[in-house]
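Visitor: Below are the structure tokens for one structure; questions will follow.
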Amino acid sequence: MSNVEVDPAELRCAPGEQVPEVEVLAPRDVPLGGPRAMTVRRTLPQRSRTLIGAWCFADHYGPDDVAETGGMDVAPHPHTGLQTVSWLFSGEIEHRDSLGTHAYVRPGELNLMTGGRGISHSEVSTGRTTVLHGVQLWVALPAEHRLTEPGFQHHVPRPVRDGGAGISVFLGTLAGVTSPVPAFTPLLGAEIVLAPRATVTLAVDPAFEHGLLVDQGPVRLAGTLLRPAELGYACPGRDTLTLTNESDTSARTALLGGTPFEEEIVMWWNFIGRSHADIAEAREAWMAGDRFGEVSGYDGDRLPAPGLPTVALKPRGRVR
């Protein structure tokens with residue numbers, strides 16, 4: 001998915017902030033554009049916290065009636081220095097990219113695209129979709145792999161049960177399941193569905209920091225109540241996480257984790273670099289039609305890049 005904010009923010013962390021045991025991050029609404037634009041709820045990045053492990057971007061959307069909004073129609077746009085992770089709860093999205101990939105994003109199936117040195121793609125909800133609902137996530141690539149070859153991977157995880165929880169692990173390891181999809185830094189990504197009033201305690205890597213995004217809830221994380229669309233952050237040092245469904249219906253969450261990403265990055269529009277010059281170079285290449293290839297099969301023009309801000313973009317890092 002493209003970051004289509006007209007004026008993409010250069011977001012910076014505030015050093016030295018006092019962080020609670022579980023930090024609650026509220027989303028902000030971002031329209032994707034068009035006269036009947038669907039709106040996404042963005043919890044990463046924001047000023048109080050911009051990274052959870054290498055996870056650097058989280059959009060949560062739906063349930064969205066496509067008869068009212070027109071669904072998703074994101075024209076060809078570029079990515080570099082990152083990976084995109086697409087995970088749906090309902091609906092179907094058609095993916096085309098400059099590698100020639102033509103694939104579909106469906107509920108319970110992982111589509112992971114590596115931008116690396118440069119890739120472009122389009123995303124359009126299909127005619128079979130009546131309700132569109134899911135998350136779009138980005139992962140920052142470490143400097144040594146930032147310009148790796150672009151790629152695309154598809155994986156259908158096998159759901160497992162742990163007490164009152166159904167767990168689908170799409171990246172990393174949880175509940176005795178390890179995803180076969182490799183990552184460039186240690187990561188965890190999983191959908192967790194909790195039965196009504198269920199509690200589950202999960203063994204996790206104490207070297208990881210974690211974020212729990214609530215889709216349906218409320219859900220209590222380590223004693224802190226999280227409402228739908230909120231993301232709870234838990235710092236490293238825990239070897240278990242306890243989740244409790246506080247409702248009489250099923251609750252659904254996405255658990256993200258990873259070792260703290262210690263590099264500073266510049267993230268602007270759909271690019272991740274290490275300096276303003278990296279971003280300016282990527283933007284110039286996109287506008288010139290270089291480096292990012294062509295997407296075949298999309299009916300329409302590609303997205304132009306916004307203008308760069310008048311002041312230099314500055315690197316930012318995780319909150320300590």
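A note on labels: chains of the structure tokens are A, B, ... as shown, every chain counts residues from 1, and ligands are counted from 1 in their shown order.
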Which parts of stretch 3-147 of chain A does DSSP call alpha helix (DSSP H) when run on the backbone here, written out as an MDAnalysis selection string?
Guide: chainID A and resid 66:69
Visitor: Pull the closest atom pair for each residue of stretch 25-79 of chain A that gets at most 6 Å from stretch 135-148 of chain A, along with the distance in Å to one decimal, counting only C-alpha atoms, ordering rows by chain and then ascending residue number, as a Markdown table.
Guide:
| residue | atom | partner | partner_atom | distance |
| --- | --- | --- | --- | --- |
| A:Ala54 | CA | A:Ala140 | CA | 5.3 |
| A:Trp55 | CA | A:Val139 | CA | 4.5 |
| A:Cys56 | CA | A:Val139 | CA | 5.7 |
| A:Phe57 | CA | A:Trp138 | CA | 4.9 |
| A:Ala58 | CA | A:Leu137 | CA | 4.6 |
| A:Asp59 | CA | A:Gln136 | CA | 5.1 |
| A:His60 | CA | A:Val135 | CA | 4.5 |
Visitor: Mind running stretch 243-298 of chain A against stretch 172-179 of chain A at 10 Å and telling me each contacting residue's nearest atom pair with the distance in Å (one decimal), counting only C-alpha atoms, chain and number ascending, as JSON lines?
Guide:
{"residue": "A:Leu255", "atom": "CA", "partner": "A:Leu174", "partner_atom": "CA", "distance": 10.0}
{"residue": "A:Leu256", "atom": "CA", "partner": "A:Gly172", "partner_atom": "CA", "distance": 9.7}
{"residue": "A:Gly257", "atom": "CA", "partner": "A:Gly172", "partner_atom": "CA", "distance": 8.9}
{"residue": "A:Gly258", "atom": "CA", "partner": "A:Gly172", "partner_atom": "CA", "distance": 8.9}
Visitor: Select, from A:Thr242, A:Thr114, A:Thr224, A:Gln83, the residue with the minimum atom-to-atom distance to A:Val200, counting only C-alpha atoms.
Guide: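 Among the listed residues, A:Thr242 lies closest to A:Val200.
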Visitor: Quick check for you: according to DSSP on this backbone, which residues of stretch 24-140 of chain A are classed as strand (DSSP E)? Reply as a ChimeraX atom specification.
Guide: /A:24-25,28-31,39-44,55-65,73-79,82-90,93-97,102-105,110-114,119-125,131-140
Visitor: For A:Leu212, please output as number ranges by chain all residues within 7 Å (counting only C-alpha atoms; exclusion window: fewer than 5 positions along the same chain).
Guide: A: 231-233, 253-256
Visitor: Output C-alpha atoms for every residue in that selection, as a PDB file, in the first residue's frame.
Guide:
ATOM      1  CA  LEU A 231      -1.891  -0.689  19.497  1.00  0.00           C
ATOM      2  CA  GLY A 232      -0.260  -1.668  22.781  1.00  0.00           C
ATOM      3  CA  TYR A 233       3.542  -1.569  23.029  1.00  0.00           C
ATOM      4  CA  THR A 253      -5.497  -9.053  17.159  1.00  0.00           C
ATOM      5  CA  ALA A 254      -2.233  -8.845  15.233  1.00  0.00           C
ATOM      6  CA  LEU A 255       0.911  -9.381  17.306  1.00  0.00           C
ATOM      7  CA  LEU A 256       4.089  -7.776  15.960  1.00  0.00           C
TER       8      LEU A 256
END
